[in-house]
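Visitor: Just dropping this structure here.
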2 protein chains.
Amino acid sequence: MRAALLATLAAVSSVAMTPFAADTDLIRGFTPESSRVERDWEAKFKAIPEPSRMREAMRRLSARPHNVGSPYDKDNAEWLRDQFRSYGWQTEIESFDVLYPTPKERVLEMVAPTRFTADLNEKKIDIDPTSGQSDEQLPPYVAYSHDGDVTGPLVFVNYGIPADYDELERHGISVKGAIVIAKYGGSWRGIKPKVAAEHGAIGCLIYSDPRDDGYAGGDVFPNGPMRPSQGVQRGSVADMPTYAGDPMTPGVGSTRNAKRLPLDQVTTITKIPTLPVSYGNAQPLLAALGGPIVPAAWRGGLPITYRFGPGQARVHLKVESNWNQKPIYDVIARLPGTTEADQWVIRGNHHDAWVNGAEDPISGLVAELEEARALGQLVKQGWKPKRTVIYAAWDGEEPGLLGSTEWVETHQDELAKHAVAYINSDTNGRGFLGIEGSHILENFINGVEKDVQDPESNVSVWKRNQSRTISTGTIEARKDARSRADLRIDALGSGSDYSPFLQHLGIPALNLGYGGEDGGGIYHSVYDDFYWYTHFSDTAFVYGRALAQTAGTAVMRLASADMIPFTFGNLAETARTYVTEVQKLRDTRFDQITEADKAIDEGVYMMISDPHAPTVAPSRKVAPPQFNFAPLLSAVDSLGRSAARYDSAFSRGTVSATSAQMATRAASIRAVNEHLLQAERAMTTTEGLKGRPWYRHLLYAPGFYTGYGVKTMPGVREAIEQGSWSDVDGEITRIAAALNREATLVSQLAGELAR
Amino acid sequence: MRAALLATLAAVSSVAMTPFAADTDLIRGFTPESSRVERDWEAKFKAIPEPSRMREAMRRLSARPHNVGSPYDKDNAEWLRDQFRSYGWQTEIESFDVLYPTPKERVLEMVAPTRFTADLNEKKIDIDPTSGQSDEQLPPYVAYSHDGDVTGPLVFVNYGIPADYDELERHGISVKGAIVIAKYGGSWRGIKPKVAAEHGAIGCLIYSDPRDDGYAGGDVFPNGPMRPSQGVQRGSVADMPTYAGDPMTPGVGSTRNAKRLPLDQVTTITKIPTLPVSYGNAQPLLAALGGPIVPAAWRGGLPITYRFGPGQARVHLKVESNWNQKPIYDVIARLPGTTEADQWVIRGNHHDAWVNGAEDPISGLVAELEEARALGQLVKQGWKPKRTVIYAAWDGEEPGLLGSTEWVETHQDELAKHAVAYINSDTNGRGFLGIEGSHILENFINGVEKDVQDPESNVSVWKRNQSRTISTGTIEARKDARSRADLRIDALGSGSDYSPFLQHLGIPALNLGYGGEDGGGIYHSVYDDFYWYTHFSDTAFVYGRALAQTAGTAVMRLASADMIPFTFGNLAETARTYVTEVQKLRDTRFDQITEADKAIDEGVYMMISDPHAPTVAPSRKVAPPQFNFAPLLSAVDSLGRSAARYDSAFSRGTVSATSAQMATRAASIRAVNEHLLQAERAMTTTEGLKGRPWYRHLLYAPGFYTGYGVKTMPGVREAIEQGSWSDVDGEITRIAAALNREATLVSQLAGELAR
């Protein structure tokens, strides 16, 4: 009679195509009865979050600059703790000490062909009441820039990613001994000084081009949401793709007495001094550049001729920081579970900002706060989540995911045992629900997405996302959107607090946020404040409420499900697309390299060079050999078969179990759930990725040369991208082993279900 | 013994892959002996053109404004006539009277939300001696704009092509009753007012965006070659895709007593007043626009937020012309042929300009002049071309190919009988040889291209072009460039004097010019003058010499070949690619329309609309049915077989005929040559294209909605593009019939050769 267990668990994938009927459907992981109960609680929950409270919380939390180490950062943490407590949560502040450099001296001047000194400051705008809090504002800088005082020729490097240096090479331009100026965008900012230093540059400037987030996209602040000429994007430039968290304590919590690397042994600090500047300050520098004219794709929105440089342009750059330890304050709130209290559902959003940070991160945090308040109310009304729910407000996300990483590293043993999933949010705005995350949660989050209404149209946020893909997607994406039960979710790279959970510990993670109809150009500037947000973003906080409804529903379902609703078919299918991609990548690289070599042999590059603006042939590269993708393909096949067995075991039988029947099978259910907690961990490896052991997930990592952007199957993909041919077969084997572990686990689970 | 004829004619296609050995090879259409003689004369010829003489001729011809009707236009014609005469050519001026409107009144002012009056003039630049000749300069205007005095809201329409109005429709923006402002580019300028009027606009402004030919591409004049803020592009906006030439005399020569349409019956004048403006004048207008922000692809290089409009922006536009008849002066020079004097090889370049026109058209004309001088010298040294050579310097090209068209229409009966081919040039600059033309000349011109050296590198211009395609082409183009005997040439659209020859009469044509390393932004402005050209373009006139060598060699070969060197295999193969393209076009349109309709049914557009910036669904369209492409495929097959027979007949046998042997076969050769003259004419039809009977070629025409850009197999392609499904099968039949006529002719030629 063990098959009867299956009967109790609804399989929603077959009804996934009828989202509008979803409210009357079973929820995956719940019985008919527990589904009804869950839906009742969810309906109550969704009615509670109030836009007006989010607005007031944002006003309070963004009233003063609250970067790491500032008085208001601590004040906010204490206020947040008190809020959670007032909602009925067990709440403590957990503190760590981290390396957090702040600006000591910043100088940028052009010394030839004319003199110009950049003012490097963001001005007060009268109509915006918090923009003038200069006593507490951190001036524009990037954290973890190397100290330095350099003078050299200036070279424009577009976005400063590796492909841009190939283009420079074609024009015979070297950045050796030069200061480069790169546009923001195209990669995470920390990549720019890293790649520049690899090419011999001695300094790095990063500016916000008006084509990217300035006047090209709309009126500039305060007349519109876009970046004004003096606006500067602060940020971290630590080598986060190597490891996240406190640079002095990789892999361990930076508690007071933790063993720390000495400053001169920290490898994630940039190799060259780096400074962010406004387009107002960048324009005279760029206009002074000589050299050939850049390709059309490199040109920005300034009314100048963009050139590579250097010509006569020389720049003096000095950057010096105070290299201090600062405390960070994570706010950790708990609602203890009942029957499965040792299974933890974790939800987080950071609270620190670069300056006032109304959008980043308060817009997400106020939604999380309203979730917490609503869940607190449900508890008072009798809601009893099976699992323990942990809500976190992280500190120190901006400089390098410090608060989340140090907490995860400190509690890694418990988390490895107890964590079910981590749900993250960060900035939130108007538009479409963005979802990135683990593919074992893809079906689950599609179910949530179908049950949340878009606040500005009369359809679910799922339906809006489906429509967007149909409207703008590729042929394959359109086909998927119409016929696949679940909309695809993107994999997670980095850029917010999910990284330590997913990529260091192998905890399934989701990142949620609304956006896409809320363009702006105040990111990491003093103008990201209450005035800006309440004039130009989710001004009615209805998407704030939608985020609270979305993340809160996800938390509730994970906390109360009879069976943890992971699925594996989507994972197997998605992994197969990654294999296809890396196979194609190898072939494309082969074609590119052999083609370029052939053209070199033919003298093509010599013959097309214009003597008035000479170009040179690209350097020769070694073409990739054939690789043995068979282990990876076999592992994906195997995972697909296991997933099908699991789904079949899950779906077989009827859906009519009573709670009495469930109670008699509690031990079996518990065993399966316990085992499910290892489902994401199985794809990690203790030795981590090559050259960056902190990253242990073999399927998902931030790109070593993209930073934010994910590289799926990073071992194989990056070995191919970087031409490390001898690494590829070994990495294929490692990833295949991870997928085989997953297949074995899923197969065992299917067996347990069928028992 | 008739097969022996074949033996006398060299077939070069098999040796086409060895361009560097070309000087020692046979020339297609010549015997071994006549090849040697020809090569000797060509070597002498190539040594004659002198850069310094081109420079001085440019100085003289561009010394004053010389637009149609100006004193210096006539003066130039007379000077050119005298030059040709001094070189030993029989030269006359042939004059026509044409409708040529000149500006009477031009007013452009913004009347809301603020007032701004555009000055509409190009300023003198002190360092540039001719830029201040304001007494003789035509102020910026477009010729054949409708007179009008209109006031209305202003709407930005990107390039103003049909697809741009689809985008406007998606944003719910109508131009009905509005004045539109379009960027130059994306189509021929006359398309912009035409499409605007079709959508109900009442006026049209066209401006040069700095992203396209202003500071984005380099320093602006006089510091660099690009368009300064006050620079304006003049031009014609007559509906040239309907017919070229004098608007009052379509299809007939505009001789003094020709029957003329009354002005109010001329259909090629725009329906709405139209004016070109500088980006200096456009910026305040564009900055005043309200409405949604345009897509990224629409944005230009001005430091503003580009919006659709209208918002509050209202504009007053007044355009009035003097609608006068003006004389034009074609200079026609002849070198009479010897044995085949009734076969005419025609070469032309226009001499009129919008203002001083150093680049357009004098840079091409001075090369033509040096060819004429060199050929005159050869005649004195004993060169005796078989065929008559006609060199023309056309007047009135700028307003609408007036000089060439009226001459072609006047002499159409003789030309239909006698014309072998027409070789055109126009502006010339630094860089790669651009070739467009009839595909029966593709192999021929590849042969010429291999025998001209690039002046700035040590390779042939053919090799440089091959390298460029290998370096930047698609995979297919690269493969072709490496393995096909001939580099592909583009088909001819319109925009210079080849149109009446090729598209009205069916005379094989080529358009030749160097460029691609010579960017600039002075096109049709007062700054296109001697100062600009001698500072920023082909300053040493070495590409002028290369053009003279290229076009002159082509003329000499056509004039002296024992057998006219047309080939048909390239034509058949190219026609097959056109059939594939139109088949794909049908399928793509089917997919697009059915997809859009499906998305409308699904409510996709409603669901993705942002209530803060609403968009609407595209209008429903009827999807194309299946068409019967079989007749076209059969005709291409048939032409391919005929071409193979012809090539085989041409190539069979040896290549050792003596001139004595040739003499005995003169009658046969003459018969084949005479018959070859009809080879392009066979692809025309007397009734012409649907709705524009002046265009008679069924394979090549300027696009009705592109103007310059060619539409190959226009009857079918444009019917599909425009959704005229019921026309497609009929047009397939017409084109198939034309290709079958060609196949029959080629087959007969093969038979005659084999006799």
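Lettering and numbering for the structure tokens are positional, with chains as A, B, ... in the shown order, residues counted from 1 in each chain, and ligands counted from 1 in the shown order.
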Which residues come within 10 Å of Met240 (chain B), counting only C-alpha atoms, excluding same-chain residues fewer than 5 positions away, as a short mmCIF file (atom, residue, chain, number, x, y, z; two decimals) with N, CA and C atoms, in the first residue's frame?

Guide:
data_model
loop_
_atom_site.label_atom_id
_atom_site.label_comp_id
_atom_site.auth_asym_id
_atom_site.auth_seq_id
_atom_site.Cartn_x
_atom_site.Cartn_y
_atom_site.Cartn_z
N TRP B 188 16.43 56.28 -50.09
CA TRP B 188 16.64 57.50 -50.86
C TRP B 188 15.72 58.57 -50.29
N GLY B 190 13.76 60.82 -51.42
CA GLY B 190 12.42 61.04 -51.98
C GLY B 190 11.37 60.10 -51.42
N ILE B 191 11.83 58.99 -50.82
CA ILE B 191 10.89 58.04 -50.22
C ILE B 191 10.22 58.66 -49.00
N GLY B 245 14.27 61.34 -65.11
CA GLY B 245 14.28 62.33 -66.17
C GLY B 245 13.35 63.51 -65.90
N PRO B 247 10.41 65.62 -65.29
CA PRO B 247 9.08 65.20 -64.84
C PRO B 247 7.98 65.48 -65.86
N THR B 268 5.21 63.03 -60.24
CA THR B 268 6.42 62.69 -59.46
C THR B 268 6.84 63.79 -58.50
N ILE B 269 6.09 64.90 -58.49
CA ILE B 269 6.35 65.94 -57.49
C ILE B 269 5.76 65.46 -56.16
N PRO B 399 19.11 66.69 -60.09
CA PRO B 399 17.66 66.78 -59.89
C PRO B 399 16.89 65.54 -60.33
N GLY B 400 17.48 64.64 -61.10
CA GLY B 400 16.70 63.43 -61.46
C GLY B 400 17.21 62.71 -62.69
N LEU B 401 18.53 62.58 -62.81
CA LEU B 401 19.14 61.89 -63.96
C LEU B 401 18.64 62.51 -65.27
N SER B 494 19.23 52.57 -58.20
CA SER B 494 19.30 53.82 -58.93
C SER B 494 20.15 54.79 -58.14
N GLY B 495 20.22 56.02 -58.62
CA GLY B 495 21.01 57.02 -57.94
C GLY B 495 22.09 57.61 -58.82
N PRO B 702 15.11 50.10 -59.15
CA PRO B 702 15.17 50.72 -57.82
C PRO B 702 13.89 50.38 -57.08
N GLY B 703 13.99 50.17 -55.77
CA GLY B 703 12.79 49.80 -55.00
C GLY B 703 11.81 50.95 -54.92
N PHE B 704 10.54 50.62 -55.06
CA PHE B 704 9.51 51.66 -54.99
C PHE B 704 9.55 52.34 -53.62
N GLY B 707 14.19 53.45 -53.33
CA GLY B 707 14.72 54.52 -54.16
C GLY B 707 16.09 54.23 -54.73
N TYR B 708 17.11 54.34 -53.90
CA TYR B 708 18.45 53.94 -54.36
C TYR B 708 18.56 52.41 -54.40
#

Visitor: What parts of region 28-198 of chain B does DSSP call alpha helix (DSSP H)? I'd like the answer as a PyMOL selection string.

Guide: chain B and resi 32-46+51-61+71-86+162-170+191-198

Visitor: Just checking: using only C-alpha atoms, which residue out of B:Arg755, B:Lys479, B:Arg59, B:Lys44 ends up closest to Ala374 (chain B)?

Guide: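 The answer is B:Lys44, which sits nearest to Ala374 (chain B).
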
Visitor: Please, which residues of chain B lie no more than 6 Å from chain A when the count uses only C-alpha atoms, and can they be set out as a PyMOL selection string?

Guide: chain B and resi 215-216+218+303-305+464+467-468+604+607-608

Visitor: Taking only C-alpha atoms into account, name the residue in B:Ala551, B:Val195, B:Ala477, B:Ala509 that is nearest to Tyr700 (chain B).

Guide: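 Under the stated criterion, the closest residue is B:Ala509.
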
Visitor: Which one of B:Tyr531, B:Trp694, B:Trp725, B:Tyr243 sits closest to Thr267 (chain B) if you count only C-alpha atoms?

Guide: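 Going through B:Tyr531, B:Trp694, B:Trp725, B:Tyr243 one by one, the smallest distance to Thr267 (chain B) is for B:Tyr243.
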
Visitor: How many Å lie between CA of Ile346 (chain B) and CA of Ser425 (chain B), rounded to one decimal?

Guide: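 Going from CA of Ile346 (chain B) over to CA of Ser425 (chain B) covers 11.6 Å.
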
Visitor: Could you pull the residues within 6 Å of region 100-114 of chain B, counting only C-alpha atoms, minus those fewer than 3 positions along the same chain, as a ChimeraX atom specification?

Guide: /B:117-118,312-325

Visitor: For CA of Leu512 (chain B) and CA of Ile435 (chain B), determine how far apart the two atoms are, in Å to one decimal place.

Guide: 5.0 Å

Visitor: Just want the 12 Å neighbourhood of Arg256 (chain B), counted on only C-alpha atoms, with same-chain residues fewer than 5 positions away dropped. Output as a list in words.

Guide: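 The filter keeps Glu94, Ser95, Phe96, Asp97, Val98, Leu99, Thr249, Gln325, Lys326, Pro327, Ile328, Glu406 and Thr410 of chain B.
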
Visitor: Check the smallest atom-to-atom distance from each of B:Ser668, B:Thr472, B:Thr686, B:Ser659 to Val37 (chain B) using only C-alpha atoms, then report the winner.

Guide: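 Smallest distance to Val37 (chain B) is found for B:Ser659.
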
Visitor: In Å to one decimal, how far is CA of His439 (chain A) from CA of Ser34 (chain A)?

Guide: 25.0 Å

Visitor: Tell me, as a list in words, which residues lie within 7 Å of Tyr159 (chain B), counting only C-alpha atoms; anything in the same chain fewer than 4 positions away does not count.

Guide: Ala182, Lys183, Tyr184, Gly185 and Gly186 of chain B

Visitor: Could you write out that same residue set with C-alpha atoms as an mmCIF file, in the first residue's frame?

Guide:
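Contents of the output file part.cif:
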data_model
loop_
_atom_site.group_PDB
_atom_site.id
_atom_site.type_symbol
_atom_site.label_atom_id
_atom_site.label_comp_id
_atom_site.auth_asym_id
_atom_site.auth_seq_id
_atom_site.Cartn_x
_atom_site.Cartn_y
_atom_site.Cartn_z
ATOM 1 C CA ALA B 182 12.927 62.180 -40.655
ATOM 2 C CA LYS B 183 16.624 61.414 -40.540
ATOM 3 C CA TYR B 184 18.552 61.193 -43.766
ATOM 4 C CA GLY B 185 19.513 57.602 -44.520
ATOM 5 C CA GLY B 186 17.743 54.247 -44.595
#

Visitor: Could you pull out the strand (DSSP E) residues of region 381-522 of chain A from DSSP and send them as a count of residues only?

Guide: 30

Visitor: At a cut-off of 9 Å, using only C-alpha atoms, what residues contact Ser236 (chain A)? Leave out same-chain residues fewer than 5 positions from it and give the result as a compact mmCIF listing (two decimals) with C-alpha atoms, in the first residue's frame.

Guide:
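And here is the file that came out, around_19.txt:
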# COMPACT_ATOMS: atom_id res chain seq x y z
CA TYR A 141 34.39 55.76 -5.44
CA VAL A 142 34.65 52.05 -5.95
CA ALA A 143 35.37 49.83 -2.98
CA TYR A 144 38.47 47.58 -2.97
CA SER A 145 40.34 49.61 -5.56
CA ARG A 189 32.21 46.66 -13.00
CA GLY A 190 34.93 44.67 -11.22
CA GLU A 398 27.00 46.35 -1.73
CA PRO A 399 30.71 45.96 -1.04
CA GLY A 400 30.62 42.22 -1.78

Visitor: Nearest to Thr553 (chain A) among A:Phe45, A:Ile669, A:Thr594, A:Ser208, with distances taken over only C-alpha atoms: which residue is it?

Guide: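 Of A:Phe45, A:Ile669, A:Thr594, A:Ser208, the one nearest Thr553 (chain A) is A:Phe45, counting only C-alpha atoms.
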
Visitor: For region 122-125 of chain A, please output as a ChimeraX atom specification all residues within 9 Å (counting only C-alpha atoms; exclusion window: fewer than 2 positions along the same chain).

Guide: /A:119-120,127-134,139-140,221-222,230-232,278,525-527
